[in-house]
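Text of the file run.tsv, holding TSV, C-alpha atoms and all ligand atoms:
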chain	number	residue	atom	x	y	z
P	13	MET	CA	-63.56	191.16	-49.54
P	14	GLU	CA	-62.21	187.61	-49.76
P	15	LYS	CA	-64.34	185.13	-51.67
P	16	PHE	CA	-66.19	182.66	-49.47
P	17	THR	CA	-65.02	179.09	-49.99
P	18	LEU	CA	-66.73	176.03	-48.67
P	19	GLY	CA	-64.56	173.81	-46.51
P	20	GLN	CA	-62.32	176.57	-45.16
P	21	LYS	CA	-64.02	176.41	-41.80
P	22	ARG	CA	-65.42	173.42	-39.96
P	23	PRO	CA	-67.87	173.50	-38.28
P	24	LEU	CA	-69.49	176.09	-40.51
P	25	ILE	CA	-72.09	178.08	-38.58
P	26	ILE	CA	-74.88	179.76	-40.54
P	27	ALA	CA	-77.47	181.74	-38.59
P	28	GLY	CA	-80.07	184.40	-39.20
P	29	PRO	CA	-83.78	184.97	-39.48
P	30	CYS	CA	-86.13	182.64	-41.31
P	31	SER	CA	-87.18	185.72	-43.29
P	32	ALA	CA	-85.88	189.22	-43.70
P	33	GLU	CA	-88.93	191.25	-42.59
P	34	THR	CA	-87.85	194.82	-41.96
P	35	ARG	CA	-84.55	196.62	-42.25
P	36	GLU	CA	-84.36	196.98	-38.48
P	37	GLN	CA	-85.15	193.31	-37.74
P	38	THR	CA	-82.67	192.04	-40.36
P	39	MET	CA	-79.85	194.38	-39.40
P	40	GLU	CA	-80.27	194.02	-35.66
P	41	THR	CA	-80.44	190.22	-35.75
P	42	ALA	CA	-77.56	189.91	-38.19
P	43	LEU	CA	-75.29	192.39	-36.43
P	44	LYS	CA	-75.79	190.72	-33.05
P	45	LEU	CA	-74.98	187.33	-34.51
P	46	ALA	CA	-72.06	188.54	-36.61
P	47	ARG	CA	-70.49	190.48	-33.77
P	48	SER	CA	-70.57	187.47	-31.44
P	49	GLY	CA	-67.77	185.99	-33.49
P	50	LYS	CA	-69.56	182.61	-33.33
P	51	VAL	CA	-71.32	182.83	-36.67
P	52	ASP	CA	-69.60	182.43	-40.04
P	53	VAL	CA	-72.47	183.22	-42.40
P	54	ILE	CA	-75.71	185.22	-42.08
P	55	ARG	CA	-78.81	183.68	-43.63
P	56	ALA	CA	-82.21	185.19	-44.40
P	57	GLY	CA	-85.11	184.15	-46.58
P	58	ILE	CA	-85.98	186.82	-49.16
P	59	TRP	CA	-88.45	184.83	-51.25
P	60	LYS	CA	-90.44	182.43	-49.09
P	61	PRO	CA	-92.05	179.29	-50.46
P	62	ARG	CA	-95.07	179.16	-48.17
P	63	THR	CA	-97.45	176.23	-47.94
P	64	LYS	CA	-100.54	178.44	-48.35
P	65	PRO	CA	-100.98	181.68	-50.27
P	66	GLY	CA	-102.05	184.75	-48.37
P	67	THR	CA	-99.27	184.35	-45.79
P	68	PHE	CA	-96.06	186.39	-45.88
P	69	GLU	CA	-94.21	185.38	-49.03
P	70	GLY	CA	-90.96	187.23	-48.47
P	71	ILE	CA	-89.90	190.86	-48.61
P	72	GLY	CA	-88.17	190.49	-51.99
P	73	GLU	CA	-85.24	192.39	-53.45
P	74	VAL	CA	-85.13	195.16	-50.83
P	75	GLY	CA	-84.08	192.50	-48.30
P	76	LEU	CA	-80.93	191.93	-50.34
P	77	GLU	CA	-80.00	195.58	-49.81
P	78	TRP	CA	-80.20	195.05	-46.03
P	79	LEU	CA	-78.16	191.86	-46.26
P	80	SER	CA	-75.47	193.42	-48.40
P	81	GLU	CA	-75.28	196.21	-45.85
P	82	VAL	CA	-74.67	193.58	-43.17
P	83	LYS	CA	-71.91	192.17	-45.33
P	84	ARG	CA	-70.36	195.61	-45.87
P	85	GLN	CA	-70.46	196.45	-42.16
P	86	THR	CA	-69.19	193.14	-40.80
P	87	GLY	CA	-67.37	191.42	-43.65
P	88	ILE	CA	-69.46	188.34	-43.01
P	89	PRO	CA	-70.72	186.29	-46.01
P	90	ILE	CA	-74.48	186.15	-46.69
P	91	ALA	CA	-76.79	183.33	-47.75
P	92	VAL	CA	-80.28	183.33	-49.27
P	93	GLU	CA	-82.71	180.78	-50.68
P	94	VAL	CA	-83.30	180.72	-54.42
P	95	ALA	CA	-86.05	178.90	-56.26
P	96	ASN	CA	-85.83	180.13	-59.85
P	97	HIS	CA	-83.67	181.84	-62.48
P	98	THR	CA	-84.62	185.40	-61.45
P	99	HIS	CA	-83.80	184.72	-57.80
P	100	VAL	CA	-80.33	183.49	-58.79
P	101	GLN	CA	-79.64	186.52	-61.01
P	102	THR	CA	-80.91	188.99	-58.41
P	103	ALA	CA	-79.02	187.40	-55.52
P	104	LEU	CA	-75.78	187.35	-57.50
P	105	LYS	CA	-76.26	191.03	-58.41
P	106	TYR	CA	-76.22	191.84	-54.69
P	107	GLY	CA	-73.07	189.81	-54.04
P	108	VAL	CA	-74.72	186.93	-52.17
P	109	ASP	CA	-72.02	184.37	-51.32
P	110	ILE	CA	-74.15	181.31	-50.69
P	111	LEU	CA	-77.35	180.32	-52.43
P	112	TRP	CA	-79.40	177.52	-51.00
P	113	ILE	CA	-82.04	175.42	-52.66
P	114	GLY	CA	-84.96	174.86	-50.28
P	115	ALA	CA	-86.68	171.58	-49.51
P	116	ARG	CA	-89.77	172.52	-51.52
P	117	THR	CA	-87.59	173.25	-54.54
P	118	THR	CA	-85.34	170.19	-54.36
P	119	VAL	CA	-88.46	168.08	-54.97
P	120	SER	CA	-88.93	169.67	-58.40
P	121	PRO	CA	-86.50	168.59	-61.13
P	122	PHE	CA	-87.74	171.42	-63.39
P	123	ALA	CA	-87.02	174.10	-60.78
P	124	VAL	CA	-83.62	172.61	-59.91
P	125	GLN	CA	-82.72	172.40	-63.60
P	126	GLU	CA	-83.66	176.06	-64.06
P	127	ILE	CA	-81.44	177.06	-61.13
P	128	ALA	CA	-78.59	174.89	-62.39
P	129	GLU	CA	-78.80	176.55	-65.81
P	130	ALA	CA	-78.85	180.00	-64.21
P	131	LEU	CA	-75.59	179.01	-62.51
P	132	HIS	CA	-74.02	177.57	-65.65
P	133	ASP	CA	-70.24	177.51	-65.20
P	134	ASN	CA	-70.42	179.78	-62.14
P	135	LYS	CA	-67.13	179.03	-60.41
P	136	ASP	CA	-67.57	181.40	-57.49
P	137	VAL	CA	-70.83	181.00	-55.71
P	138	THR	CA	-71.45	178.29	-53.12
P	139	VAL	CA	-74.68	176.31	-53.46
P	140	LEU	CA	-76.21	174.37	-50.58
P	141	VAL	CA	-78.86	171.84	-51.46
P	142	LYS	CA	-81.45	171.02	-48.82
P	143	ASN	CA	-82.90	167.55	-48.75
P	144	PRO	CA	-86.27	167.28	-50.47
P	145	MET	CA	-89.39	167.36	-48.26
P	146	THR	CA	-90.03	163.70	-49.04
P	147	PRO	CA	-87.53	161.08	-47.87
P	148	ASP	CA	-86.26	160.44	-51.40
P	149	ILE	CA	-82.49	160.32	-51.59
P	150	ASN	CA	-82.48	159.91	-55.37
P	151	LEU	CA	-84.21	163.26	-55.74
P	152	TRP	CA	-81.59	164.88	-53.49
P	153	GLU	CA	-78.76	163.22	-55.40
P	154	GLY	CA	-80.41	164.25	-58.68
P	155	ALA	CA	-80.47	167.91	-57.63
P	156	VAL	CA	-76.73	167.83	-56.88
P	157	LYS	CA	-76.03	166.10	-60.19
P	158	ARG	CA	-77.98	168.73	-62.12
P	159	LEU	CA	-75.72	171.44	-60.66
P	160	ILE	CA	-72.58	169.46	-61.43
P	161	ALA	CA	-73.80	168.78	-64.97
P	162	GLU	CA	-74.13	172.55	-65.52
P	163	GLY	CA	-70.52	173.07	-64.48
P	164	VAL	CA	-70.91	174.15	-60.85
P	165	PRO	CA	-67.70	172.82	-59.25
P	166	GLU	CA	-68.37	169.97	-56.84
P	167	LYS	CA	-66.24	171.65	-54.18
P	168	ASN	CA	-68.69	174.58	-54.19
P	169	ILE	CA	-71.68	172.37	-53.41
P	170	GLY	CA	-72.80	171.44	-49.90
P	171	LEU	CA	-75.79	169.62	-48.42
P	172	ILE	CA	-78.28	170.65	-45.75
P	173	HIS	CA	-80.24	168.14	-43.74
P	174	ARG	CA	-83.54	169.77	-42.66
P	175	GLY	CA	-85.55	166.65	-41.85
P	176	PHE	CA	-88.29	164.97	-43.87
P	177	SER	CA	-91.97	165.61	-43.97
P	178	TYR	CA	-93.85	162.78	-42.30
P	179	PHE	CA	-97.58	162.08	-42.16
P	180	GLY	CA	-97.51	160.12	-38.89
P	181	HIS	CA	-97.19	161.41	-35.37
P	182	SER	CA	-93.75	162.78	-34.47
P	183	THR	CA	-92.24	165.03	-31.85
P	184	TYR	CA	-90.44	166.77	-34.69
P	185	ARG	CA	-91.81	169.07	-37.37
P	186	ASN	CA	-89.70	167.16	-39.90
P	187	PRO	CA	-88.25	163.98	-38.36
P	188	PRO	CA	-84.50	163.67	-38.95
P	189	MET	CA	-84.52	160.08	-40.32
P	190	TRP	CA	-80.75	160.05	-39.85
P	191	HIS	CA	-80.22	156.85	-41.83
P	192	MET	CA	-81.19	158.80	-44.98
P	193	ILE	CA	-78.23	161.05	-44.31
P	194	PHE	CA	-75.82	158.14	-44.13
P	195	ASP	CA	-77.11	157.03	-47.48
P	196	MET	CA	-76.64	160.48	-49.02
P	197	ARG	CA	-73.20	160.75	-47.49
P	198	SER	CA	-72.08	157.51	-49.04
P	199	ARG	CA	-73.06	158.97	-52.44
P	200	PHE	CA	-71.06	162.19	-51.90
P	201	PRO	CA	-68.43	161.32	-49.27
P	202	GLU	CA	-66.48	164.57	-49.72
P	203	MET	CA	-69.46	166.94	-49.65
P	204	MET	CA	-70.06	169.10	-46.57
P	205	MET	CA	-73.20	168.08	-44.68
P	206	ILE	CA	-74.83	170.81	-42.60
P	207	CYS	CA	-77.68	170.24	-40.18
P	208	ASP	CA	-80.66	172.62	-39.95
P	209	PRO	CA	-82.10	171.84	-36.51
P	210	SER	CA	-84.69	174.65	-36.82
P	211	HIS	CA	-86.72	173.00	-39.58
P	212	ILE	CA	-86.22	169.52	-38.11
P	213	CYS	CA	-87.51	170.53	-34.67
P	214	GLY	CA	-90.08	173.20	-35.40
P	215	CYS	CA	-89.83	174.28	-31.76
P	216	ARG	CA	-87.13	175.63	-29.46
P	217	PRO	CA	-86.68	173.01	-26.72
P	218	LEU	CA	-85.49	170.30	-29.13
P	219	LEU	CA	-82.91	172.39	-31.01
P	220	LEU	CA	-79.84	171.67	-28.92
P	221	GLY	CA	-80.52	167.92	-28.84
P	222	ILE	CA	-80.65	167.72	-32.63
P	223	ALA	CA	-77.67	170.02	-33.08
P	224	GLN	CA	-75.63	167.86	-30.71
P	225	GLN	CA	-76.71	164.69	-32.46
P	226	ALA	CA	-75.53	166.20	-35.73
P	227	ALA	CA	-72.19	167.08	-34.17
P	228	ASP	CA	-71.90	163.53	-32.82
P	229	LEU	CA	-72.62	162.18	-36.28
P	230	CYS	CA	-69.75	164.19	-37.70
P	231	PHE	CA	-71.78	166.82	-39.52
P	232	ASP	CA	-69.77	169.77	-40.85
P	233	GLY	CA	-71.93	172.61	-39.61
P	234	ILE	CA	-75.25	174.04	-38.52
P	235	MET	CA	-77.80	176.35	-40.11
P	236	ILE	CA	-80.07	177.83	-37.45
P	237	GLU	CA	-82.83	180.43	-37.46
P	238	SER	CA	-82.60	183.42	-35.18
P	239	HIS	CA	-84.77	186.53	-34.80
P	240	ILE	CA	-84.58	189.52	-32.46
P	241	ASP	CA	-88.20	188.94	-31.43
P	242	PRO	CA	-88.95	185.30	-32.32
P	243	ASP	CA	-92.55	185.22	-31.10
P	244	LYS	CA	-93.42	188.05	-33.45
P	245	ALA	CA	-91.65	186.56	-36.49
P	246	TRP	CA	-93.63	186.63	-39.75
P	247	SER	CA	-92.64	183.04	-40.53
P	248	ASP	CA	-91.53	180.04	-38.43
P	249	ALA	CA	-92.05	181.91	-35.13
P	250	SER	CA	-92.09	178.83	-32.92
P	251	GLN	CA	-88.65	177.57	-33.95
P	252	GLN	CA	-86.63	180.80	-34.01
P	253	VAL	CA	-84.45	181.86	-31.09
P	254	THR	CA	-83.07	185.25	-30.06
P	255	PRO	CA	-79.48	185.98	-31.12
P	256	GLU	CA	-78.48	185.61	-27.45
P	257	ASP	CA	-80.10	182.17	-27.16
P	258	CYS	CA	-78.65	181.21	-30.51
P	259	ILE	CA	-75.14	182.07	-29.38
P	260	SER	CA	-75.53	180.20	-26.11
P	261	LEU	CA	-76.90	177.18	-27.97
P	262	LEU	CA	-73.91	177.27	-30.32
P	263	ASP	CA	-71.60	177.46	-27.30
P	264	ASN	CA	-73.19	174.33	-25.90
P	265	ILE	CA	-72.64	172.11	-28.92
P	266	MET	CA	-69.67	169.81	-28.49
P	267	TRP	CA	-68.11	169.30	-31.89
P	268	ARG	CA	-66.25	166.05	-32.50
P	269	ALA	CA	-62.97	165.68	-34.29
P	270	LYS	CA	-63.11	164.34	-37.82
P	271	SER	CA	-60.87	161.90	-39.70
P	272	ALA	CA	-57.22	162.95	-39.48
P	273	GLU	CA	-57.36	163.97	-35.82
P	274	ASP	CA	-59.29	160.90	-34.85
P	275	PRO	CA	-58.91	158.13	-37.43
P	276	GLU	CA	-60.82	155.66	-35.24
P	277	PHE	CA	-63.94	157.84	-35.35
P	278	ASN	CA	-64.15	157.79	-39.08
P	279	SER	CA	-63.40	154.11	-39.47
P	280	GLU	CA	-65.87	152.16	-41.51
P	281	LEU	CA	-66.82	150.07	-38.49
P	282	ASN	CA	-67.70	153.15	-36.50
P	283	ILE	CA	-69.79	154.62	-39.27
P	284	CYS	CA	-71.74	151.35	-39.47
P	285	ARG	CA	-72.22	151.30	-35.69
P	286	GLN	CA	-73.58	154.83	-35.68
P	287	LYS	CA	-75.91	153.90	-38.48
P	288	ILE	CA	-77.18	150.89	-36.55
P	289	ASP	CA	-77.70	152.97	-33.40
P	290	GLN	CA	-79.73	155.48	-35.37
P	291	ILE	CA	-81.84	152.85	-37.08
P	292	ASP	CA	-82.51	151.13	-33.74
P	293	SER	CA	-83.67	154.34	-32.16
P	294	GLU	CA	-85.96	155.02	-35.12
P	295	LEU	CA	-87.29	151.44	-34.94
P	296	PHE	CA	-88.30	151.93	-31.33
P	297	ASP	CA	-89.81	155.31	-32.05
P	298	LEU	CA	-91.97	153.63	-34.72
P	299	LEU	CA	-92.88	150.80	-32.34
P	300	SER	CA	-93.98	153.28	-29.75
P	301	GLN	CA	-96.15	155.04	-32.36
P	302	ARG	CA	-97.62	151.65	-33.26
P	303	MET	CA	-98.52	150.97	-29.62
P	304	ARG	CA	-100.17	154.36	-29.26
P	305	THR	CA	-102.33	153.46	-32.24
P	306	ALA	CA	-103.09	150.09	-30.64
P	307	ASP	CA	-104.15	151.97	-27.49
P	308	LYS	CA	-106.64	153.92	-29.57
P	309	ILE	CA	-107.99	150.67	-31.00
P	310	GLY	CA	-108.28	149.37	-27.43
P	311	GLN	CA	-110.39	152.37	-26.49
P	312	ILE	CA	-112.66	151.88	-29.51
P	313	LYS	CA	-113.07	148.16	-28.70
P	314	LYS	CA	-113.85	148.97	-25.09
P	315	ALA	CA	-116.46	151.54	-26.07
P	316	SER	CA	-118.23	149.05	-28.33
P	317	ASN	CA	-117.55	146.06	-26.09
P	318	VAL	CA	-115.63	144.03	-28.69
P	319	ALA	CA	-113.08	141.31	-27.80
P	320	ILE	CA	-109.41	142.24	-27.97
P	321	LEU	CA	-108.20	139.25	-29.91
P	322	GLN	CA	-109.55	139.00	-33.42
P	323	SER	CA	-107.68	136.09	-34.89
P	324	ASN	CA	-108.87	136.54	-38.48
P	325	ARG	CA	-107.43	140.00	-38.61
P	326	TRP	CA	-104.20	138.82	-37.02
P	327	ASN	CA	-103.78	135.89	-39.44
P	328	GLU	CA	-104.31	138.26	-42.31
P	329	ILE	CA	-101.64	140.66	-41.00
P	330	THR	CA	-99.17	137.81	-40.56
P	331	ARG	CA	-99.79	136.48	-44.06
P	332	ARG	CA	-99.43	139.92	-45.59
P	333	MET	CA	-96.23	140.76	-43.71
P	334	ILE	CA	-94.60	137.44	-44.54
P	335	SER	CA	-95.30	137.89	-48.21
P	336	MET	CA	-94.25	141.56	-48.09
P	337	THR	CA	-90.93	140.82	-46.41
P	338	ARG	CA	-90.04	138.07	-48.85
P	339	GLY	CA	-86.96	139.19	-50.73
P	340	MET	CA	-85.93	141.63	-47.99
P	341	GLY	CA	-83.22	139.33	-46.69
P	342	LEU	CA	-85.15	138.40	-43.52
P	343	SER	CA	-85.97	134.81	-42.62
P	344	GLU	CA	-89.64	133.88	-42.23
P	345	GLU	CA	-88.86	132.69	-38.71
P	346	PHE	CA	-87.48	136.10	-37.76
P	347	VAL	CA	-90.45	137.95	-39.26
P	348	ASN	CA	-92.79	135.67	-37.30
P	349	THR	CA	-90.90	136.20	-34.04
P	350	VAL	CA	-90.93	139.97	-34.41
P	351	LEU	CA	-94.61	140.03	-35.35
P	352	GLU	CA	-95.51	137.85	-32.39
P	353	ALA	CA	-93.61	140.10	-29.99
P	354	ILE	CA	-95.34	143.16	-31.42
P	355	HIS	CA	-98.70	141.46	-31.21
P	356	MET	CA	-98.17	140.44	-27.57
P	357	GLU	CA	-97.19	143.96	-26.57
P	358	SER	CA	-100.21	145.30	-28.42
P	359	ILE	CA	-102.55	142.89	-26.62
P	360	ASN	CA	-101.00	143.82	-23.27
P	361	HIS	CA	-101.61	147.48	-24.00
P	362	GLN	CA	-105.20	146.83	-24.98
P	363	ASN	CA	-105.76	144.59	-21.93
P	364	GLU	CA	-104.65	147.37	-19.70
P	365	ILE	CA	-107.11	149.76	-21.34
P	366	MET	CA	-109.99	147.23	-21.13
P	367	ASN	CA	-109.40	146.59	-17.46
P	368	LYS	CA	-108.95	150.19	-16.44
U	401	LIG	C1	-85.90	178.11	-44.64
U	401	LIG	O1	-84.71	177.78	-44.51
U	401	LIG	O2	-86.41	179.12	-44.15
U	401	LIG	C2	-86.79	177.16	-45.35
U	401	LIG	C3	-87.86	177.58	-46.04
U	401	LIG	O3	-86.42	175.91	-45.18
U	401	LIG	P1	-86.90	174.54	-45.86
U	401	LIG	O4	-86.68	174.69	-47.32
U	401	LIG	O5	-85.97	173.58	-45.21
U	401	LIG	O6	-88.33	174.33	-45.46
U	402	MN	MN	-87.84	178.93	-41.91
The structure given in the file should be rewritten as structure tokens.
Ligand code: PEP
Ligand code: MN
Amino acid sequence: MEKFTLGQKRPLIIAGPCSAETREQTMETALKLARSGKVDVIRAGIWKPRTKPGTFEGIGEVGLEWLSEVKRQTGIPIAVEVANHTHVQTALKYGVDILWIGARTTVSPFAVQEIAEALHDNKDVTVLVKNPMTPDINLWEGAVKRLIAEGVPEKNIGLIHRGFSYFGHSTYRNPPMWHMIFDMRSRFPEMMMICDPSHICGCRPLLLGIAQQAADLCFDGIMIESHIDPDKAWSDASQQVTPEDCISLLDNIMWRAKSAEDPEFNSELNICRQKIDQIDSELFDLLSQRMRTADKIGQIKKASNVAILQSNRWNEITRRMISMTRGMGLSEEFVNTVLEAIHMESINHQNEIMNK
């Protein structure tokens, strides 16, 4: 079988279950996806880094037997997540083509270093590095550099954007924070960037929207979770889709041409414009979250019959923001104008609640 090489196919489509659970579930899902001709790589989690113990933590080595059977039957490359030295050794023993480092592992320099050392001078295997859970680009960059320092060829390394954990309210399980991706891309301009809409969205209805946005932003591929019976999945049930739905979703993504075919698209100006559009949409998403919080304050004030405008508190906010934004390259006048506009909108919201 020909060795899998990153960059041979764009867009690169990776699909498969969150976890390999049973032989039947793994084989059936993988064969349906592979035989559609729309999927380039089959993924499955074998060792699962779960938030809490006591939940399903992966089927282990036997899952690699099922995956290598998929590879034998279809000729399609296989991908699994690795988080330590033993995982790497075991996966390589079963002929896994692509190893990926998960978001919970990228946050740990010790774990990444251990993986990098297990891959020392490995010229064959492809390694995809997911962004860390936290929006920390240096940590992501550091993980890639650890691999390179251990002699993993840069051309064998790719990146996966799976969204960032966020403590505030969001429609997404892990909000995409696209501007982070632009930053990472500028650090590794040649590296393939793959989007994982499943872990960004956490639910099915949002998947296509995120996948399309990734295609519009010139991503190089998609990694998506699919399961023959998603509702009964042992992990990430709410975000997995049936192989049929997965294939139809993939059919609906409109991929955009990159560089050579469309030099205008890749021009520096265009990249900056896309970045600005993304930041603007995130700014307004944050503003809307702020207003929802203001609404809650309005309800509390109404319940305890307190006046809306509390000038001491407002003066304090203004002072704090002006001192905080010093050195950010924003004029004091601009900061004041923005704050005033936000304050007005907030008061209007609260007024509405008071007078309801
Ligand atoms: C996964 O791909 O199943 C997974 C655990 O993803 P992440 O590391 O992005 O949470
Ligand atoms: Mn998952």
Would you write out, as CSV, a table of all residues in region 89-140 of chain P that have an atom no more than 8 Å from an atom of region 168-189 of chain P, listing for each the closest atom pair and the distance in Å to one decimal, considering all atoms listed in the file and ordering rows by chain and rising residue number?
residue,atom,partner,partner_atom,distance
P:Ala115,CA,P:Arg174,CA,7.7
P:Lys135,CA,P:Asn168,CA,7.8
P:Asp136,CA,P:Asn168,CA,7.7
P:Val137,CA,P:Asn168,CA,6.9
P:Thr138,CA,P:Asn168,CA,4.7
P:Val139,CA,P:Ile169,CA,5.0
P:Leu140,CA,P:Gly170,CA,4.5
Please return, as a ChimeraX atom specification, all polymer residues that have at least one atom within 6 Å of the point (-72.6, 172.1, -39.6); use all atoms listed in the file and the file's own coordinate frame. /P:23-24,206-207,231-234
Neighbours of ligand MN 402 (chain U) within 12 Å, counting all atoms listed in the file, as a tab-separated table (two decimals) with C-alpha atoms, keeping the file's coordinate frame?
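part.tsv written:
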chain	number	residue	atom	x	y	z
P	27	ALA	CA	-77.47	181.74	-38.59
P	28	GLY	CA	-80.07	184.40	-39.20
P	29	PRO	CA	-83.78	184.97	-39.48
P	30	CYS	CA	-86.13	182.64	-41.31
P	31	SER	CA	-87.18	185.72	-43.29
P	32	ALA	CA	-85.88	189.22	-43.70
P	55	ARG	CA	-78.81	183.68	-43.63
P	56	ALA	CA	-82.21	185.19	-44.40
P	57	GLY	CA	-85.11	184.15	-46.58
P	58	ILE	CA	-85.98	186.82	-49.16
P	59	TRP	CA	-88.45	184.83	-51.25
P	60	LYS	CA	-90.44	182.43	-49.09
P	61	PRO	CA	-92.05	179.29	-50.46
P	62	ARG	CA	-95.07	179.16	-48.17
P	63	THR	CA	-97.45	176.23	-47.94
P	68	PHE	CA	-96.06	186.39	-45.88
P	69	GLU	CA	-94.21	185.38	-49.03
P	70	GLY	CA	-90.96	187.23	-48.47
P	92	VAL	CA	-80.28	183.33	-49.27
P	93	GLU	CA	-82.71	180.78	-50.68
P	114	GLY	CA	-84.96	174.86	-50.28
P	115	ALA	CA	-86.68	171.58	-49.51
P	116	ARG	CA	-89.77	172.52	-51.52
P	174	ARG	CA	-83.54	169.77	-42.66
P	185	ARG	CA	-91.81	169.07	-37.37
P	208	ASP	CA	-80.66	172.62	-39.95
P	209	PRO	CA	-82.10	171.84	-36.51
P	210	SER	CA	-84.69	174.65	-36.82
P	211	HIS	CA	-86.72	173.00	-39.58
P	212	ILE	CA	-86.22	169.52	-38.11
P	213	CYS	CA	-87.51	170.53	-34.67
P	214	GLY	CA	-90.08	173.20	-35.40
P	215	CYS	CA	-89.83	174.28	-31.76
P	235	MET	CA	-77.80	176.35	-40.11
P	236	ILE	CA	-80.07	177.83	-37.45
P	237	GLU	CA	-82.83	180.43	-37.46
P	238	SER	CA	-82.60	183.42	-35.18
P	239	HIS	CA	-84.77	186.53	-34.80
P	242	PRO	CA	-88.95	185.30	-32.32
P	245	ALA	CA	-91.65	186.56	-36.49
P	246	TRP	CA	-93.63	186.63	-39.75
P	247	SER	CA	-92.64	183.04	-40.53
P	248	ASP	CA	-91.53	180.04	-38.43
P	249	ALA	CA	-92.05	181.91	-35.13
P	250	SER	CA	-92.09	178.83	-32.92
P	251	GLN	CA	-88.65	177.57	-33.95
P	252	GLN	CA	-86.63	180.80	-34.01
P	253	VAL	CA	-84.45	181.86	-31.09
Expressed in Å to a single decimal, how great is the separation between CA of Leu295 (chain P) and CA of Asn143 (chain P)? 21.7 Å
Which polymer residues have any atom within 10 Å of an atom of Glu81 (chain P), counting all atoms listed in the file, with same-chain residues fewer than 4 positions away left out, as a PyMOL selection string? chain P and resi 35+39+75-77+85-87+106
Mind dumping the selected residues with C-alpha atoms as a PDB file, keeping the file's coordinate frame?
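That gives us selection-v2.pdb:
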ATOM      1  CA  ARG P  35     -84.550 196.620 -42.250  1.00  0.00           C
ATOM      2  CA  MET P  39     -79.850 194.380 -39.400  1.00  0.00           C
ATOM      3  CA  GLY P  75     -84.080 192.500 -48.300  1.00  0.00           C
ATOM      4  CA  LEU P  76     -80.930 191.930 -50.340  1.00  0.00           C
ATOM      5  CA  GLU P  77     -80.000 195.580 -49.810  1.00  0.00           C
ATOM      6  CA  GLN P  85     -70.460 196.450 -42.160  1.00  0.00           C
ATOM      7  CA  THR P  86     -69.190 193.140 -40.800  1.00  0.00           C
ATOM      8  CA  GLY P  87     -67.370 191.420 -43.650  1.00  0.00           C
ATOM      9  CA  TYR P 106     -76.220 191.840 -54.690  1.00  0.00           C
TER      10      TYR P 106
END
The distance between CA of Ala95 (chain P) and CA of Ile71 (chain P) is 14.7 Å
Give me, please, the distance in Å between CA of Leu43 (chain P) and CA of Cys230 (chain P), quoted to one decimal. 28.8 Å
Shortest interatomic distance to Phe122 (chain P) - which of P:Gln20, P:Leu151, P:Cys284, P:Met145, counting all atoms listed in the file: P:Leu151
Counting all atoms listed in the file, the option among P:Asn367, P:Asn324, P:Asn264, P:Gln362 closest to Ile312 (chain P): P:Gln362
Pick from P:Pro217, P:Pro144, P:Gly154, P:Gly310, whichever lies nearest to ligand LIG 401 (chain U) using all atoms listed in the file: P:Pro144
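For the choices P:Lys50, P:Arg22, P:Arg285, P:His99, the atom-to-atom distance to Asp263 (chain P) is smallest for P:Lys50 when using all atoms listed in the file.
Using only C-alpha atoms and all ligand atoms, the nearest neighbour of ligand LIG 401 (chain U) within the list P:Thr118, P:Glu33, P:Asp52, P:Ala227 is P:Thr118.
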With distances taken over all atoms listed in the file, which of P:Ile329, P:Val51, P:Lys308, P:Asp243 is nearest to Leu261 (chain P)? P:Val51
Quick one: residues within 8 Å of Glu40 (chain P), all atoms listed in the file, excluding same-chain residues fewer than 4 positions away - as an NGL selection string? :P and (36 or 44 or 240)
As AutoDock Vina command-line options, please: the centre and edge lengths in Å, to one decimal, of an axis-aligned box enclosing every listed atom of region 22-34 of chain P with 4 Å added on each side.
--center_x -77.2 --center_y 184.1 --center_z -41.0 --size_x 31.5 --size_y 29.4 --size_z 13.4
